[in-house]
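One file, final-v6.txt, carrying compact mmCIF, C-alpha atoms:
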```
# COMPACT_ATOMS: atom_id res chain seq x y z
CA MET A 1 111.02 117.93 131.71
CA LYS A 2 114.72 117.35 130.95
CA LEU A 3 114.02 113.65 130.43
CA LEU A 4 111.40 114.47 127.78
CA ILE A 5 113.49 117.12 126.03
CA ASP A 6 116.68 115.04 125.97
CA GLY A 7 114.83 111.83 125.16
CA LEU A 8 112.38 112.87 122.46
CA GLY A 9 114.38 115.74 121.01
CA ASN A 10 113.03 118.74 119.11
CA GLY A 11 112.00 117.06 115.88
CA ASP A 12 108.40 116.48 114.83
CA LYS A 13 106.75 113.46 116.42
CA ALA A 14 103.53 111.56 115.94
CA ILE A 15 101.58 110.98 119.16
CA LEU A 16 99.84 107.62 118.94
CA GLN A 17 96.60 106.53 120.53
CA THR A 18 97.68 104.48 123.52
CA ASN A 19 95.32 102.15 125.36
CA VAL A 20 95.94 101.09 128.95
CA SER A 21 94.17 98.04 130.33
CA LYS A 22 93.14 98.28 133.98
CA LEU A 23 95.66 96.72 136.30
CA SER A 24 94.59 94.15 138.84
CA GLY A 25 95.80 94.05 142.42
CA GLY A 26 98.05 96.40 144.38
CA GLY A 27 101.78 96.45 144.63
CA SER A 28 102.69 96.04 148.26
CA GLY A 29 100.30 93.35 149.47
CA ASN A 30 99.74 95.27 152.72
CA ASP A 31 95.94 95.17 152.80
CA SER A 32 95.63 95.28 156.56
CA ARG A 33 97.02 97.44 159.33
CA THR A 34 96.41 95.16 162.24
CA GLU A 35 99.10 95.33 164.92
CA CYS A 36 100.47 98.61 163.56
CA ARG A 37 103.85 99.43 165.07
CA VAL A 38 106.74 101.85 164.69
CA LYS A 39 109.31 100.36 162.30
CA THR A 40 112.04 103.03 162.25
CA GLU A 41 113.19 105.82 164.60
CA VAL A 42 115.87 108.25 163.41
CA VAL A 43 117.10 111.14 165.57
CA ASP A 44 117.59 114.49 163.78
CA GLN A 45 115.46 113.37 160.85
CA ASP A 46 112.60 115.45 159.44
CA MET A 47 110.07 114.58 156.68
CA GLN A 48 109.36 116.84 153.71
CA GLY A 49 105.90 116.85 152.11
CA GLY A 50 102.99 114.48 152.65
CA ASP A 51 101.52 116.57 155.47
CA ILE A 52 98.35 115.27 157.14
CA CYS A 53 98.14 117.32 160.33
CA GLU A 54 100.01 118.30 163.50
CA PHE A 55 99.13 118.61 167.18
CA ASN A 56 100.60 119.44 170.58
CA MET A 57 101.15 116.33 172.71
CA THR A 58 100.28 117.43 176.23
CA SER A 59 99.11 114.19 177.85
CA GLU A 60 102.07 111.99 176.84
CA PRO A 61 104.92 113.97 175.23
CA SER A 62 106.94 111.14 173.67
CA HIS A 63 108.01 109.87 170.28
CA ALA A 64 106.29 106.54 170.96
CA ALA A 65 102.96 108.28 171.59
CA CYS A 66 103.38 110.21 168.32
CA GLY A 67 103.89 106.87 166.56
CA ARG A 68 100.69 105.48 168.09
CA ALA A 69 98.84 108.57 166.84
CA CYS A 70 100.16 107.81 163.37
CA CYS A 71 98.89 104.23 163.61
CA GLU A 72 95.45 105.54 164.59
CA ASN A 73 95.27 107.67 161.42
CA LYS A 74 94.31 105.60 158.36
CA ARG A 75 96.44 107.75 156.03
CA CYS A 76 99.58 108.03 158.17
CA ASP A 77 102.78 106.12 157.32
CA HIS A 78 105.46 108.49 158.66
CA PHE A 79 105.67 110.93 161.55
CA VAL A 80 108.01 113.42 163.17
CA SER A 81 108.15 114.42 166.82
CA VAL A 82 109.78 117.72 167.83
CA ARG A 83 110.52 118.55 171.46
CA GLY A 84 110.89 122.10 172.81
CA ASP A 85 110.89 124.27 169.71
CA PRO A 86 108.29 123.15 167.15
CA PRO A 87 107.31 125.44 164.25
CA TRP A 88 104.27 127.07 165.84
CA SER A 89 103.66 128.83 162.49
CA PHE A 90 103.46 125.47 160.69
CA LYS A 91 101.21 125.71 157.60
CA GLY A 92 101.19 122.12 156.32
CA GLY A 93 98.12 120.04 157.03
CA GLY A 94 96.73 122.13 159.89
CA VAL A 95 95.82 120.92 163.37
CA CYS A 96 94.57 117.34 163.74
CA ALA A 97 90.86 117.10 164.53
CA GLY A 98 90.11 117.21 168.25
CA ARG A 99 93.73 118.06 169.14
CA LEU A 100 95.51 121.13 170.45
CA PRO A 101 97.77 123.20 168.15
CA CYS A 102 101.54 123.09 168.55
CA VAL A 103 103.04 125.81 170.74
CA LYS A 104 106.55 127.08 171.28
CA GLY A 105 108.25 125.09 174.01
CA GLY A 106 105.83 122.18 173.71
CA PHE A 107 106.09 118.73 172.13
CA CYS A 108 104.74 118.63 168.58
CA CYS A 109 103.72 115.55 166.58
CA PHE A 110 103.55 115.76 162.77
CA LEU A 111 101.66 113.05 160.85
CA LYS A 112 102.70 112.30 157.24
CA THR A 113 101.53 110.16 154.34
CA ASN A 114 103.77 107.89 152.29
CA ALA A 115 104.33 110.76 149.82
CA THR A 116 106.87 112.33 152.17
CA ARG A 117 110.64 111.95 151.99
CA PRO A 118 113.23 111.98 154.81
CA ILE A 119 115.51 115.02 155.11
CA LYS A 120 118.02 116.22 157.70
CA SER A 121 116.39 118.06 160.58
CA SER A 122 116.89 121.82 160.82
CA TYR A 123 115.86 121.86 164.51
CA LYS A 124 118.24 121.86 167.45
CA PRO A 125 120.30 118.65 167.56
CA GLY A 126 118.51 115.86 169.42
CA THR A 127 115.07 117.53 169.46
CA ALA A 128 113.51 116.05 166.27
CA THR A 129 112.95 112.37 165.54
CA GLY A 130 111.51 110.88 162.36
CA GLY A 131 109.60 107.62 162.38
CA THR A 132 107.99 105.13 160.01
CA THR A 133 105.09 102.82 160.86
CA THR A 134 103.63 99.64 159.46
CA PRO A 135 102.14 100.71 156.08
CA SER A 136 98.62 102.07 156.26
CA HIS A 137 95.66 100.38 154.62
CA VAL A 138 95.40 101.01 150.88
CA ASP A 139 91.89 101.42 149.47
CA PRO A 140 91.84 99.38 146.22
CA GLY A 141 89.42 101.88 144.72
CA ALA A 142 91.39 104.98 145.66
CA ILE A 143 93.26 105.04 142.34
CA ASP A 144 91.08 103.81 139.50
CA GLN A 145 93.95 103.55 137.00
CA PRO A 146 97.43 104.21 138.39
CA ILE A 147 99.29 104.05 135.07
CA TYR A 148 99.45 106.72 132.36
CA ALA A 149 100.98 105.79 129.00
CA ARG A 150 101.55 107.60 125.70
CA ALA A 151 103.42 106.32 122.64
CA PHE A 152 105.48 108.38 120.18
CA VAL A 153 107.17 107.77 116.81
CA PRO A 154 109.10 110.15 114.52
CA ALA A 155 106.61 112.02 112.32
CA THR A 156 108.32 111.29 109.00
CA ASP A 157 110.94 109.00 107.49
CA SER A 158 113.44 111.88 107.51
CA ASP A 159 112.80 112.43 111.22
CA ALA A 160 113.39 108.74 111.81
CA ALA A 161 116.64 108.85 109.83
CA ALA A 162 117.83 111.75 111.98
CA ALA A 163 117.08 110.00 115.27
CA GLY A 164 120.02 110.25 117.62
CA VAL A 165 121.61 113.16 115.76
CA GLY A 166 121.40 116.86 116.58
CA GLY A 167 118.82 116.72 119.35
CA GLY A 168 116.95 113.66 118.05
CA TRP A 169 116.28 110.44 119.88
CA PRO A 170 119.19 108.82 121.76
CA GLY A 171 119.55 105.78 119.53
CA PRO A 172 118.22 103.83 116.54
CA GLU A 173 114.92 102.97 118.24
CA GLN A 174 112.00 104.57 116.41
CA ARG A 175 109.33 103.99 119.05
CA ALA A 176 109.04 105.43 122.55
CA VAL A 177 106.48 105.06 125.33
CA LEU A 178 106.10 107.55 128.18
CA LEU A 179 104.86 105.82 131.35
CA THR A 180 103.92 107.25 134.75
CA ASN A 181 102.89 105.51 137.98
CA PHE A 182 100.47 107.82 139.82
CA ASP A 183 100.36 105.52 142.85
CA SER A 184 102.37 107.03 145.73
CA ARG A 185 102.45 103.78 147.73
CA ASN A 186 102.84 100.79 145.43
CA ASN A 187 104.94 99.42 142.59
CA HIS A 188 103.01 98.43 139.48
CA THR A 189 104.17 96.09 136.72
CA VAL A 190 103.22 96.81 133.12
CA SER A 191 103.57 94.78 129.94
CA LEU A 192 103.07 95.43 126.22
CA ALA A 193 100.00 93.87 124.64
CA GLY A 194 101.18 93.28 121.05
CA ASP A 195 102.18 89.82 119.84
CA GLY A 196 105.79 89.24 120.82
CA GLU A 197 106.10 92.77 122.21
CA THR A 198 108.13 93.04 125.42
CA PHE A 199 110.34 95.50 127.26
CA ARG A 200 113.36 93.21 126.89
CA GLY A 201 116.17 95.13 125.21
CA ALA A 202 114.42 98.48 125.63
CA THR A 203 116.43 101.53 126.66
CA LEU A 204 114.87 102.88 129.85
CA TRP A 205 115.20 106.45 131.07
CA SER A 206 113.60 107.05 134.45
CA VAL A 207 112.88 109.55 137.19
CA VAL A 208 112.08 107.74 140.45
CA HIS A 209 110.75 109.61 143.49
CA GLY A 210 113.50 110.03 146.07
CA VAL A 211 116.22 108.52 143.85
CA ALA A 212 118.75 110.78 142.11
CA GLY A 213 120.23 110.32 138.67
CA ALA A 214 123.95 110.54 137.94
CA TRP A 215 126.06 113.70 138.21
CA ASP A 216 124.20 116.62 136.60
CA GLU A 217 121.57 114.39 135.02
CA PRO A 218 118.32 114.15 137.02
CA PHE A 219 117.30 110.85 135.41
CA ALA A 220 118.81 107.37 135.21
CA ARG A 221 119.45 105.22 132.13
CA ARG A 222 119.62 101.45 131.76
CA LYS A 223 118.87 98.58 129.40
CA SER A 224 115.93 96.36 130.26
CA THR A 225 116.62 92.64 130.60
CA LYS A 226 113.03 91.72 131.48
CA GLU A 227 109.87 91.33 129.44
CA THR A 228 107.84 93.48 131.84
CA LEU A 229 108.53 96.82 133.51
CA THR A 230 108.02 97.32 137.24
CA MET A 231 107.47 100.98 138.08
CA GLU A 232 108.22 102.41 141.51
CA PRO A 233 105.73 104.75 143.28
CA LEU A 234 105.46 108.12 141.47
CA ALA A 235 108.03 107.01 138.87
CA VAL A 236 108.23 108.34 135.32
CA TYR A 237 109.75 106.17 132.57
CA LEU A 238 110.59 106.82 128.94
CA ALA A 239 111.04 103.46 127.22
CA PHE A 240 112.71 103.36 123.80
CA LEU A 241 111.56 100.10 122.23
CA PRO A 242 113.62 98.01 119.80
CA MET A 243 112.11 97.30 116.38
```
Before anything else, please render the file you have as structure tokens.
Amino acid sequence: MKLLIDGLGNGDKAILQTNVSKLSGGGSGNDSRTECRVKTEVVDQDMQGGDICEFNMTSEPSHAACGRACCENKRCDHFVSVRGDPPWSFKGGGVCAGRLPCVKGGFCCFLKTNATRPIKSSYKPGTATGGTTTPSHVDPGAIDQPIYARAFVPATDSDAAAAGVGGGWPGPEQRAVLLTNFDSRNNHTVSLAGDGETFRGATLWSVVHGVAGAWDEPFARRKSTKETLTMEPLAVYLAFLPM
């Protein structure tokens, strides 16, 4: 919200019809999950969001077994194992099908999607361990069109003249495109379709999932040196295009 307010200002704007051609191919290239394995193991790490389900590991209470359970779930990319004091009132994704619920004093395994983010554990030191597995299979048809785009220009010549002054746009550029990558797993690269139109020289403001801005600003700013724009998973960009 701050990116939009600071970037587009409070002056009148014209919202342009913006067409998005369907992208081809995914971003990561991980189309298979054969030989799934645990890639990372971090003690005292928890995962926030992306809940799939949780269960009490009674037969083999170990972090490795929790990782294997993640590999067996087609949506799971991250997991957390908690020994001795799991949150028996956990309300995330519920109990995994065919499994027992977590209980106080047991060994709980939490399965997570790629939409989660690592945070410091609030459990007793040494009892929680976060893990990441080989990326899960991505269904090419799961997201029909991962990119949203909408173009803006100042509504009038006077609005354009005031750009960059008193809450207007940040610079002399008189065109802006708002772009969002809805895909939580993959990068996607976008380009402009007009003759000679590129992102080179554009001023890019961005909010990237899991990446902070600078100081009290929740978004980052940079100049583009490339003709295309590669968007990270769940990223939001505001591109100010040169004339």
Please provide the set of residues having any atom within 6 Å of Thr116 of chain A, restricted to all atoms listed in the file, with same-chain residues fewer than 3 positions apart removed, written as a PDB file with C-alpha atoms, in the frame of the given file.
```pdb
ATOM      1  CA  MET A  47     110.070 114.580 156.680  1.00  0.00           C
ATOM      2  CA  GLN A  48     109.360 116.840 153.710  1.00  0.00           C
ATOM      3  CA  GLY A  49     105.900 116.850 152.110  1.00  0.00           C
ATOM      4  CA  GLY A  50     102.990 114.480 152.650  1.00  0.00           C
TER       5      GLY A  50
END
```
For atom CA of Phe152 of chain A and atom CA of Gly11 of chain A, the interatomic separation in Å (one decimal):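 It comes out at 11.7 Å.
Among A:Ser184, A:Tyr123, A:Arg175, A:Phe55, the residue with the shortest atom-to-atom distance to Ala151 of chain A, counting all atoms listed in the file, is A:Arg175.
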Contacts of Val236 of chain A within 8 Å, only C-alpha atoms, excl. fewer than 2 positions in-chain, as a PyMOL selection string: chain A and resi 178-181+206-208+231+234+238
Exercise: Phe110 of chain A partners within 8 Å, only C-alpha atoms, chain neighbours under 2 positions left out, as an MDAnalysis selection string: chainID A and resid 51:55 66 79:81 108 112
